[in-house]
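Coordinates from structure.cif are shown below (mmCIF, C-alpha atoms and all ligand atoms).
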```cif
data_query
#
loop_
_atom_site.label_atom_id
_atom_site.label_comp_id
_atom_site.auth_asym_id
_atom_site.auth_seq_id
_atom_site.Cartn_x
_atom_site.Cartn_y
_atom_site.Cartn_z
CA MET E 438 114.21 75.93 124.10
CA THR E 439 117.81 76.76 124.80
CA THR E 440 118.14 79.87 126.86
CA GLU E 441 120.98 82.25 126.41
CA THR E 442 121.89 85.36 128.25
CA LEU E 443 120.81 88.64 126.74
CA THR E 444 123.22 90.56 128.93
CA PRO E 445 124.87 93.08 126.69
CA GLU E 446 128.58 92.67 126.14
CA THR E 447 129.43 96.23 126.89
CA SER E 448 133.20 96.16 126.91
CA THR E 449 135.81 94.99 124.43
CA GLY E 450 138.80 95.88 126.58
CA THR E 451 140.18 98.36 124.04
CA ASP E 452 137.31 100.79 123.98
CA VAL E 453 137.42 103.93 121.90
CA VAL E 454 133.80 105.06 122.14
CA ASN E 455 131.91 104.75 125.42
CA LEU E 456 128.29 105.40 126.26
CA THR E 457 127.56 105.31 129.97
CA ASN E 458 123.93 105.22 131.12
CA VAL E 459 122.90 107.41 128.22
CA THR E 460 119.31 108.60 127.99
CA ARG E 461 117.93 111.07 125.48
CA TRP E 462 114.40 112.36 125.32
CA TYR E 463 112.62 114.72 122.96
CA GLY E 464 109.80 116.30 124.96
CA ASN E 465 107.80 113.31 126.18
CA VAL E 466 109.45 110.81 123.82
CA VAL E 467 112.23 108.71 125.33
CA ALA E 468 114.33 107.97 122.23
CA VAL E 469 117.28 106.37 124.05
CA ASN E 470 116.83 104.76 127.43
CA ASP E 471 119.80 104.15 129.74
CA ILE E 472 122.21 102.66 127.20
CA THR E 473 125.69 101.61 128.23
CA MET E 474 127.92 100.33 125.41
CA SER E 475 131.52 100.43 124.27
CA LEU E 476 133.12 100.17 120.87
CA GLY E 477 136.65 99.18 120.00
CA SER E 478 138.40 99.04 116.64
CA GLY E 479 136.77 97.06 113.83
CA VAL E 480 133.24 97.13 112.49
CA THR E 481 130.20 97.14 114.80
CA GLY E 482 126.61 97.02 113.57
CA LEU E 483 123.86 98.95 115.35
CA LEU E 484 120.77 96.90 114.56
CA GLY E 485 117.20 97.89 115.33
CA PRO E 486 113.79 98.47 113.80
CA ASN E 487 112.65 101.90 112.62
CA GLY E 488 112.36 104.40 115.44
CA ALA E 489 114.53 102.31 117.81
CA GLY E 490 116.85 105.24 118.52
CA LYS E 491 119.78 104.43 116.19
CA THR E 492 120.08 107.89 114.66
CA THR E 493 119.85 109.48 118.10
CA VAL E 494 122.71 107.28 119.36
CA LEU E 495 124.89 108.11 116.34
CA HIS E 496 124.18 111.84 116.64
CA MET E 497 125.10 111.84 120.32
CA MET E 498 128.33 110.01 119.48
CA ALA E 499 129.07 112.61 116.82
CA GLY E 500 128.49 115.49 119.24
CA PHE E 501 125.40 116.76 117.39
CA LEU E 502 123.06 116.09 120.29
CA ALA E 503 123.47 116.35 124.04
CA PRO E 504 122.55 113.29 126.11
CA SER E 505 119.72 114.17 128.51
CA ARG E 506 121.49 111.93 131.02
CA GLY E 507 124.76 109.99 131.03
CA THR E 508 127.98 110.52 129.10
CA VAL E 509 129.24 109.81 125.59
CA THR E 510 133.01 109.85 125.21
CA ILE E 511 135.67 109.17 122.59
CA ASP E 512 138.99 108.23 124.14
CA GLY E 513 137.59 109.35 127.47
CA LYS E 514 136.69 112.84 126.20
CA PRO E 515 133.02 113.92 126.03
CA THR E 516 131.69 114.43 122.51
CA TRP E 517 129.14 117.12 123.46
CA ARG E 518 130.41 120.71 123.18
CA ASN E 519 133.96 119.49 122.60
CA PRO E 520 135.06 120.36 119.04
CA ALA E 521 138.51 118.88 119.68
CA VAL E 522 137.06 115.35 119.42
CA TYR E 523 135.59 116.09 115.97
CA ARG E 524 139.09 115.64 114.58
CA ASP E 525 138.79 112.03 115.60
CA LEU E 526 135.42 111.23 114.07
CA GLY E 527 133.55 111.27 110.81
CA LEU E 528 129.79 110.90 110.31
CA VAL E 529 127.94 109.81 107.19
CA THR E 530 124.35 110.88 107.79
CA GLU E 531 121.31 108.98 106.55
CA ARG E 532 120.02 111.86 104.46
CA GLU E 533 121.98 112.65 101.38
CA ALA E 534 122.46 116.36 101.09
CA VAL E 535 125.33 116.84 98.66
CA HIS E 536 125.77 119.55 96.08
CA SER E 537 125.17 117.75 92.82
CA PHE E 538 126.98 120.43 90.77
CA LEU E 539 130.31 119.77 92.54
CA THR E 540 132.71 117.11 91.36
CA ALA E 541 133.62 114.41 93.88
CA GLU E 542 137.06 115.97 94.22
CA GLN E 543 135.69 119.49 94.81
CA PHE E 544 133.30 118.18 97.46
CA VAL E 545 135.92 116.17 99.35
CA LEU E 546 138.44 119.00 99.00
CA ALA E 547 135.94 121.46 100.53
CA CYS E 548 135.59 119.11 103.51
CA ALA E 549 139.41 118.87 103.80
CA LYS E 550 139.63 122.68 103.86
CA MET E 551 136.91 122.87 106.49
CA GLN E 552 139.03 120.57 108.63
CA LYS E 553 141.94 123.01 108.08
CA LEU E 554 144.24 120.21 106.94
CA LYS E 555 147.83 121.07 106.00
CA ASP E 556 147.60 119.48 102.56
CA PRO E 557 143.88 119.47 101.69
CA ALA E 558 144.40 118.47 98.04
CA GLY E 559 146.60 115.52 99.03
CA ALA E 560 144.15 114.42 101.73
CA ALA E 561 141.19 114.62 99.30
CA ARG E 562 143.08 112.53 96.75
CA LYS E 563 143.97 109.92 99.36
CA ALA E 564 140.39 109.70 100.67
CA LEU E 565 138.97 109.27 97.16
CA GLU E 566 141.56 106.60 96.48
CA LEU E 567 140.55 104.76 99.64
CA VAL E 568 136.92 104.52 98.49
CA GLU E 569 138.00 103.68 94.92
CA MET E 570 136.58 106.84 93.40
CA THR E 571 139.80 108.17 91.83
CA GLY E 572 138.59 107.37 88.30
CA ALA E 573 135.42 109.41 88.79
CA ALA E 574 136.95 112.19 90.92
CA ASN E 575 136.39 114.86 88.27
CA ARG E 576 132.80 113.94 87.49
CA ARG E 577 129.89 115.88 88.94
CA ILE E 578 128.17 114.18 91.89
CA GLY E 579 124.81 114.64 90.16
CA THR E 580 125.87 112.07 87.55
CA PHE E 581 126.75 109.38 90.14
CA SER E 582 124.89 106.21 91.08
CA LYS E 583 123.66 105.88 94.67
CA GLY E 584 126.67 103.70 95.52
CA MET E 585 129.15 106.20 94.09
CA ARG E 586 127.50 109.05 95.98
CA GLN E 587 127.70 107.08 99.22
CA ARG E 588 131.37 106.30 98.64
CA THR E 589 132.05 109.98 97.95
CA ARG E 590 130.32 110.90 101.22
CA VAL E 591 132.44 108.28 103.04
CA ALA E 592 135.56 109.88 101.48
CA ALA E 593 134.41 113.28 102.76
CA ALA E 594 133.86 111.87 106.26
CA LEU E 595 137.30 110.20 106.19
CA VAL E 596 139.32 113.04 104.66
CA HIS E 597 140.88 114.02 108.00
CA ASP E 598 141.69 110.36 108.74
CA PRO E 599 139.52 110.06 111.87
CA ARG E 600 139.78 107.04 114.12
CA VAL E 601 136.01 106.72 114.41
CA LEU E 602 133.60 106.53 111.48
CA LEU E 603 129.84 106.55 112.09
CA LEU E 604 127.43 105.70 109.27
CA ASP E 605 123.64 105.96 109.46
CA GLU E 606 121.93 103.31 107.29
CA PRO E 607 124.75 103.38 104.69
CA PHE E 608 123.24 100.55 102.59
CA ASN E 609 119.79 102.06 102.14
CA GLY E 610 118.72 102.24 98.53
CA MET E 611 121.80 100.44 97.18
CA ASP E 612 121.65 97.59 94.69
CA PRO E 613 123.39 94.30 95.64
CA ARG E 614 126.61 95.17 93.80
CA GLN E 615 126.88 98.60 95.42
CA ARG E 616 126.08 97.01 98.76
CA MET E 617 128.89 94.49 98.33
CA HIS E 618 131.33 97.24 97.43
CA MET E 619 130.39 99.28 100.51
CA MET E 620 130.69 96.17 102.71
CA GLU E 621 134.20 95.53 101.41
CA LEU E 622 135.09 99.15 102.10
CA LEU E 623 133.87 98.99 105.70
CA HIS E 624 135.71 95.68 106.18
CA SER E 625 138.97 97.13 104.95
CA LEU E 626 138.60 100.27 107.10
CA GLY E 627 137.95 98.06 110.12
CA ASP E 628 141.04 95.99 109.28
CA ARG E 629 143.10 99.19 109.18
CA GLY E 630 142.21 99.80 112.81
CA HIS E 631 139.35 102.29 112.43
CA THR E 632 136.42 102.08 114.82
CA ILE E 633 133.37 101.82 112.58
CA LEU E 634 129.75 101.86 113.69
CA PHE E 635 126.96 101.60 111.13
CA SER E 636 123.23 101.40 111.71
CA SER E 637 120.81 99.11 109.93
CA HIS E 638 117.40 97.51 110.40
CA ILE E 639 118.40 94.38 108.43
CA LEU E 640 120.12 91.50 110.24
CA GLU E 641 121.58 90.01 107.02
CA GLU E 642 123.28 93.30 106.24
CA VAL E 643 124.82 93.50 109.67
CA GLU E 644 125.85 89.87 109.76
CA GLN E 645 127.91 90.21 106.59
CA VAL E 646 130.03 93.09 107.82
CA ALA E 647 130.04 93.48 111.56
CA GLY E 648 132.19 91.58 114.03
CA LEU E 649 130.06 92.83 116.90
CA VAL E 650 126.35 93.58 116.78
CA GLN E 651 124.53 95.88 119.20
CA VAL E 652 120.77 95.46 119.02
CA ILE E 653 118.60 98.36 120.10
CA VAL E 654 114.85 98.17 120.48
CA ALA E 655 112.59 100.96 121.72
CA GLY E 656 115.59 102.97 122.89
CA ARG E 657 117.09 100.16 124.95
CA LEU E 658 120.06 97.90 124.34
CA ALA E 659 118.30 94.55 123.86
CA ALA E 660 121.25 92.30 123.04
CA SER E 661 124.84 92.39 121.93
CA GLY E 662 127.41 89.91 120.71
CA ASP E 663 128.79 88.49 117.49
CA TYR E 664 126.28 87.93 114.71
CA ARG E 665 126.13 84.19 115.38
CA LYS E 666 124.89 84.84 118.88
CA ILE E 667 122.36 87.42 117.66
CA ARG E 668 121.17 85.05 114.92
CA ARG E 669 120.77 82.28 117.52
CA LEU E 670 118.81 84.56 119.83
CA MET E 671 116.49 85.40 116.98
CA THR E 672 115.87 81.82 115.85
CA ASN E 673 115.83 80.07 119.26
CA ARG E 674 112.59 81.77 120.21
CA PRO E 675 109.00 80.60 120.10
CA HIS E 676 107.65 80.42 116.55
CA VAL E 677 104.17 80.05 115.13
CA PHE E 678 103.69 78.01 111.95
CA ALA E 679 100.78 77.52 109.59
CA VAL E 680 100.73 73.83 108.60
CA ARG E 681 98.56 71.93 106.11
CA SER E 682 98.84 68.27 105.27
CA SER E 683 97.02 65.33 103.70
CA ASP E 684 95.60 64.45 107.16
CA ASP E 685 95.70 67.38 109.60
CA ARG E 686 93.87 65.59 112.43
CA ARG E 687 96.23 62.61 112.52
CA LEU E 688 99.25 64.90 112.17
CA ALA E 689 97.99 67.04 115.09
CA VAL E 690 97.68 63.94 117.30
CA ALA E 691 101.22 62.86 116.42
CA LEU E 692 102.60 66.38 116.98
CA ILE E 693 101.08 66.73 120.45
CA GLY E 694 103.68 64.26 121.76
CA GLU E 695 106.55 66.23 120.23
CA LYS E 696 108.77 68.10 122.73
CA SER E 697 109.16 71.23 120.62
CA VAL E 698 105.40 71.69 120.14
CA SER E 699 103.67 73.83 122.76
CA GLY E 700 100.24 74.25 121.19
CA ILE E 701 98.05 73.35 118.21
CA GLU E 702 94.89 75.01 116.93
CA MET E 703 92.83 73.31 114.24
CA GLU E 704 91.32 75.57 111.62
CA ALA E 705 89.46 75.19 108.38
CA GLY E 706 92.09 74.28 105.80
CA GLY E 707 95.00 73.64 108.15
CA MET E 708 96.32 74.23 111.64
CA THR E 709 98.41 76.66 113.60
CA VAL E 710 101.29 75.12 115.53
CA ARG E 711 103.16 76.90 118.32
CA ALA E 712 106.73 75.65 118.65
CA SER E 713 109.38 76.36 121.25
CA ASP E 714 111.98 77.08 118.58
CA TYR E 715 112.45 77.09 114.85
CA GLY E 716 115.16 74.43 114.42
CA SER E 717 113.75 71.60 116.57
CA PHE E 718 110.27 71.92 115.11
CA THR E 719 111.28 72.13 111.45
CA ARG E 720 113.47 69.05 111.93
CA ALA E 721 110.79 67.10 113.82
CA LEU E 722 107.86 67.83 111.51
CA PRO E 723 109.08 66.03 108.33
CA ARG E 724 110.26 63.08 110.42
CA ILE E 725 106.86 62.70 112.11
CA ALA E 726 104.98 63.16 108.83
CA LEU E 727 107.12 60.47 107.21
CA GLU E 728 106.57 58.05 110.11
CA GLN E 729 102.80 58.60 109.85
CA GLY E 730 102.69 58.39 106.07
CA ILE E 731 101.25 61.93 105.88
CA ARG E 732 102.11 64.36 103.07
CA LEU E 733 102.95 67.95 104.04
CA HIS E 734 101.35 70.57 101.80
CA LYS E 735 102.29 73.73 103.64
CA LEU E 736 104.70 74.89 106.35
CA VAL E 737 104.87 78.66 106.74
CA PRO E 738 106.23 80.59 109.72
CA SER E 739 103.55 83.17 110.50
CA ASP E 740 105.19 85.60 112.89
CA GLU E 741 108.33 86.51 111.04
CA SER E 742 108.01 90.28 111.10
CA LEU E 743 111.16 91.99 112.23
CA GLU E 744 109.12 93.76 114.90
CA SER E 745 108.03 90.45 116.44
CA VAL E 746 111.63 89.22 116.50
CA PHE E 747 112.83 92.43 118.12
CA SER E 748 110.03 92.55 120.66
CA TYR E 749 110.89 88.99 121.65
CA LEU E 750 114.48 90.07 122.29
CA LEU E 751 113.23 92.94 124.39
CA GLU E 752 110.92 90.78 126.47
CA ALA E 753 113.34 87.89 126.98
N1 LIG I 801 113.67 115.75 116.87
C1 LIG I 801 112.81 114.87 117.37
N2 LIG I 801 111.71 115.28 118.04
C2 LIG I 801 110.84 114.39 118.58
N3 LIG I 801 110.99 113.04 118.52
C3 LIG I 801 112.05 112.58 117.86
C4 LIG I 801 113.02 113.46 117.25
N4 LIG I 801 113.98 112.69 116.65
C5 LIG I 801 113.62 111.41 116.89
N5 LIG I 801 112.49 111.34 117.61
C6 LIG I 801 111.82 110.09 118.09
O1 LIG I 801 112.77 109.35 118.82
C7 LIG I 801 112.67 107.96 118.54
C8 LIG I 801 113.99 107.43 118.00
O2 LIG I 801 114.25 108.03 116.72
P1 LIG I 801 115.57 107.73 115.88
O3 LIG I 801 115.49 108.54 114.63
O4 LIG I 801 116.76 107.89 116.73
O5 LIG I 801 115.37 106.17 115.55
P2 LIG I 801 116.04 105.29 114.41
O6 LIG I 801 116.28 103.95 115.01
O7 LIG I 801 117.19 106.00 113.81
O8 LIG I 801 114.85 105.17 113.38
P3 LIG I 801 114.87 105.33 111.79
O9 LIG I 801 115.63 104.16 111.26
O10 LIG I 801 113.40 105.28 111.46
O11 LIG I 801 115.51 106.67 111.49
C9 LIG I 801 111.51 107.83 117.57
O12 LIG I 801 110.35 107.55 118.33
C10 LIG I 801 111.40 109.20 116.94
O13 LIG I 801 110.08 109.46 116.51
#
```
Hey, can you dump this file as structure tokens for me?
Amino acid sequence: MTTETLTPETSTGTDVVNLTNVTRWYGNVVAVNDITMSLGSGVTGLLGPNGAGKTTVLHMMAGFLAPSRGTVTIDGKPTWRNPAVYRDLGLVTEREAVHSFLTAEQFVLACAKMQKLKDPAGAARKALELVEMTGAANRRIGTFSKGMRQRTRVAAALVHDPRVLLLDEPFNGMDPRQRMHMMELLHSLGDRGHTILFSSHILEEVEQVAGLVQVIVAGRLAASGDYRKIRRLMTNRPHVFAVRSSDDRRLAVALIGEKSVSGIEMEAGGMTVRASDYGSFTRALPRIALEQGIRLHKLVPSDESLESVFSYLLEA
């Protein structure tokens, strides 16, 4: 197995958002545990299973929650009890609570007025244009698809042109086309120099949009790097496979000599093979079967739950 450092890459050199030794607990629950991370411009994905602490991190960044320990800053200024920094950030929460009787324009305009912008109507128009909702600006939000509602909420969060945009699970409940549209939007905002952080529990989602990925598991920063590195960390780990063939006993004997195989258990109707990593084993198995003249009937990875992948990252 190739080993690779799990040391988080905590600095990009041009950091806008900084978390330094941040811990947050709710009563006895430690939701975020001593996280240090920095974000620069571009799109970063905050990846982690349910309950990992993603929402808590985003809410501390947005100034909604106080860290129990440590500091969260934007451009060096603390986000907690510091309304001045709210001018520089927008948050799209996970829960959709929008007034369905308002039109998109009325909703975004109300947000512009709340921000006390000089030209609220102009700002609302610009924000709706940015998310490609101009054509539907005068329709009521209640008539929108999930994707259109999300884009309208992004427009509301962007109406004051903040440098930092935080989005909590923005792709949840979207169909593939809406997802693609939202991904393109985040890409283009990142290219315009915004600092974007979005949370997700799906690696594929993160890998399509984010330059940098921060993985959090059980409140701790488990890994960080570009998606290729995160993907490698997740596949270069021990795997368990269920295998069935035309001659399991002979195949087991041949596999015992294979470097990537660390254990075999024979069972009725097949065997369980423990391998040091996914790639080496799945390349070796067909070669060995071919050499032995054995037909493979089944090869199924049996520990592919996201939780098992994440807990491996945490333990490594
Ligand atoms: N207000 C609260 N009171 C008590 N515990 C809380 C509270 N908010 C969150 N938690 C707990 O803190 C931990 C982290 O929750 P958080 O919502 O930040 O995770 P998450 O990664 O966003 O998960 P999800 O994707 O399920 O929303 C969880 O164990 C959760 O149950």
Counting only C-alpha atoms, I want the residues whose atoms come within 9 Å of (125.2, 121.2, 93.8) in the file frame, returned as a PyMOL selection string.
chain E and resi 535-540+577-579
For the contact check between chain E and ligand LIG 801 (chain I), emit one row per residue of chain E within 7 Å, containing the shortest atom pair and the distance in Å rounded to one decimal, counting only C-alpha atoms and all ligand atoms, chain then rising number order, as JSON lines.
```
{"residue": "E:Tyr463", "atom": "CA", "partner": "I:LIG801", "partner_atom": "C2", "distance": 4.7}
{"residue": "E:Gly464", "atom": "CA", "partner": "I:LIG801", "partner_atom": "C2", "distance": 6.7}
{"residue": "E:Val466", "atom": "CA", "partner": "I:LIG801", "partner_atom": "N3", "distance": 6.0}
{"residue": "E:Val467", "atom": "CA", "partner": "I:LIG801", "partner_atom": "O1", "distance": 6.6}
{"residue": "E:Ala468", "atom": "CA", "partner": "I:LIG801", "partner_atom": "O1", "distance": 4.0}
{"residue": "E:Val469", "atom": "CA", "partner": "I:LIG801", "partner_atom": "C8", "distance": 7.0}
{"residue": "E:Gly485", "atom": "CA", "partner": "I:LIG801", "partner_atom": "O6", "distance": 6.1}
{"residue": "E:Pro486", "atom": "CA", "partner": "I:LIG801", "partner_atom": "O6", "distance": 6.1}
{"residue": "E:Asn487", "atom": "CA", "partner": "I:LIG801", "partner_atom": "O10", "distance": 3.7}
{"residue": "E:Gly488", "atom": "CA", "partner": "I:LIG801", "partner_atom": "O8", "distance": 3.3}
{"residue": "E:Ala489", "atom": "CA", "partner": "I:LIG801", "partner_atom": "O6", "distance": 3.7}
{"residue": "E:Gly490", "atom": "CA", "partner": "I:LIG801", "partner_atom": "O4", "distance": 3.2}
{"residue": "E:Lys491", "atom": "CA", "partner": "I:LIG801", "partner_atom": "O6", "distance": 3.7}
{"residue": "E:Thr492", "atom": "CA", "partner": "I:LIG801", "partner_atom": "O7", "distance": 3.6}
{"residue": "E:Thr493", "atom": "CA", "partner": "I:LIG801", "partner_atom": "O4", "distance": 3.7}
{"residue": "E:Val494", "atom": "CA", "partner": "I:LIG801", "partner_atom": "O4", "distance": 6.5}
{"residue": "E:His638", "atom": "CA", "partner": "I:LIG801", "partner_atom": "O9", "distance": 6.9}
{"residue": "E:Gly656", "atom": "CA", "partner": "I:LIG801", "partner_atom": "C8", "distance": 6.8}
```
Option closest in space to Gly500 (chain E), from E:Met611, E:Val522, E:Leu649, E:Leu634 [counting all atoms listed in the file]:
E:Val522
For His597 (chain E), the nearest of the candidates E:Val646, E:Leu546, E:Leu688, E:Ala659, counting all atoms listed in the file:
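Among the listed residues, the smallest separation from His597 (chain E) belongs to E:Leu546.
Using all atoms listed in the file, the shortest contact distance between Ser682 (chain E) and any of E:Lys514, E:Arg461, E:Arg600, E:Arg732 is found at E:Arg732.
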Closest of E:Leu727, E:Val596, E:Val677, E:Ala499 to Phe544 (chain E), counting only C-alpha atoms, is E:Val596
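Nearest to Trp517 (chain E) of all the residues E:Val737, E:Ala534, E:Ile472, E:Met498 is E:Met498, based on all atoms listed in the file.
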Of the candidates E:Gly482, E:Thr530, E:Thr460, E:Pro557, which one gets nearest to Leu623 (chain E) if we count all atoms listed in the file?
E:Gly482
Pick out the residues sitting within 12 Å of Arg686 (chain E), and hand them over as an MDAnalysis selection string; count only C-alpha atoms, and ignore anything fewer than 3 positions along from it in its own chain.
chainID E and resid 680:683 689:693 701:708 726 729 731
Close residues, Gln645 (chain E) itself excluded, 12 Å, only C-alpha atoms, min 6 positions apart in chain, as a PDB file with C-alpha atoms, keeping the file's coordinate frame:
```
ATOM      1  CA  VAL E 480     133.240  97.130 112.490  1.00  0.00           C
ATOM      2  CA  THR E 481     130.200  97.140 114.800  1.00  0.00           C
ATOM      3  CA  GLY E 482     126.610  97.020 113.570  1.00  0.00           C
ATOM      4  CA  ARG E 616     126.080  97.010  98.760  1.00  0.00           C
ATOM      5  CA  MET E 617     128.890  94.490  98.330  1.00  0.00           C
ATOM      6  CA  MET E 619     130.390  99.280 100.510  1.00  0.00           C
ATOM      7  CA  MET E 620     130.690  96.170 102.710  1.00  0.00           C
ATOM      8  CA  GLU E 621     134.200  95.530 101.410  1.00  0.00           C
ATOM      9  CA  LEU E 623     133.870  98.990 105.700  1.00  0.00           C
ATOM     10  CA  HIS E 624     135.710  95.680 106.180  1.00  0.00           C
ATOM     11  CA  SER E 637     120.810  99.110 109.930  1.00  0.00           C
ATOM     12  CA  ILE E 639     118.400  94.380 108.430  1.00  0.00           C
ATOM     13  CA  ASP E 663     128.790  88.490 117.490  1.00  0.00           C
ATOM     14  CA  TYR E 664     126.280  87.930 114.710  1.00  0.00           C
ATOM     15  CA  ARG E 665     126.130  84.190 115.380  1.00  0.00           C
ATOM     16  CA  ARG E 668     121.170  85.050 114.920  1.00  0.00           C
TER      17      ARG E 668
END
```
I'd like the box whose edges run along x, y and z of the file and which contains every listed atom of region 693-707 of chain E, padded by 8 Å per side; could you state its centre and edge lengths in Å, one decimal, as JSON?
```
{"center_x": 99.3, "center_y": 69.9, "center_z": 114.3, "size_x": 35.7, "size_y": 27.3, "size_z": 33.0}
```
CA of Val545 (chain E) to CA of Ser625 (chain E), straight-line distance in Å
20.1 Å
12 Å contact set for Ala564 (chain E), only C-alpha atoms, chain neighbours under 5 positions out, as a list in words:
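In the requested form, the answer reads Ala541, Glu542, Phe544, Val545, Leu546, Cys548, Ala549, Pro557, Ala558, Gly559, Glu569, Met570, Thr571, Ala574, Arg588, Thr589, Arg590, Val591, Ala592, Ala593, Ala594, Leu595, Val596, His597, Asp598, Pro599, Leu622 and Leu626 of chain E.
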Write to file, as a short mmCIF file (atom, residue, chain, number, x, y, z; two decimals), in the frame of the given file, the residues of the selection just made, with C-alpha atoms.
```cif
data_model
loop_
_atom_site.label_atom_id
_atom_site.label_comp_id
_atom_site.auth_asym_id
_atom_site.auth_seq_id
_atom_site.Cartn_x
_atom_site.Cartn_y
_atom_site.Cartn_z
CA ALA E 541 133.62 114.41 93.88
CA GLU E 542 137.06 115.97 94.22
CA PHE E 544 133.30 118.18 97.46
CA VAL E 545 135.92 116.17 99.35
CA LEU E 546 138.44 119.00 99.00
CA CYS E 548 135.59 119.11 103.51
CA ALA E 549 139.41 118.87 103.80
CA PRO E 557 143.88 119.47 101.69
CA ALA E 558 144.40 118.47 98.04
CA GLY E 559 146.60 115.52 99.03
CA GLU E 569 138.00 103.68 94.92
CA MET E 570 136.58 106.84 93.40
CA THR E 571 139.80 108.17 91.83
CA ALA E 574 136.95 112.19 90.92
CA ARG E 588 131.37 106.30 98.64
CA THR E 589 132.05 109.98 97.95
CA ARG E 590 130.32 110.90 101.22
CA VAL E 591 132.44 108.28 103.04
CA ALA E 592 135.56 109.88 101.48
CA ALA E 593 134.41 113.28 102.76
CA ALA E 594 133.86 111.87 106.26
CA LEU E 595 137.30 110.20 106.19
CA VAL E 596 139.32 113.04 104.66
CA HIS E 597 140.88 114.02 108.00
CA ASP E 598 141.69 110.36 108.74
CA PRO E 599 139.52 110.06 111.87
CA LEU E 622 135.09 99.15 102.10
CA LEU E 626 138.60 100.27 107.10
#
```
With all atoms listed in the file as the counted atoms, please give the residues lying no more than 9 Å from Ile667 (chain E), apart from itself and same-chain residues fewer than 3 positions off, as a list in words.
Leu640, Glu644, Val650, Gln651, Val652, Ala660, Ser661, Gly662, Asp663, Tyr664, Leu670, Met671 and Thr672 of chain E
May I ask for the distance between CA of Pro675 (chain E) and CA of Phe718 (chain E), given in Å to one decimal place?
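Separation between CA of Pro675 (chain E) and CA of Phe718 (chain E): 10.1 Å.
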Take CA of Leu502 (chain E) and CA of Ile653 (chain E) and report the distance between them in Å, one decimal.
18.3 Å
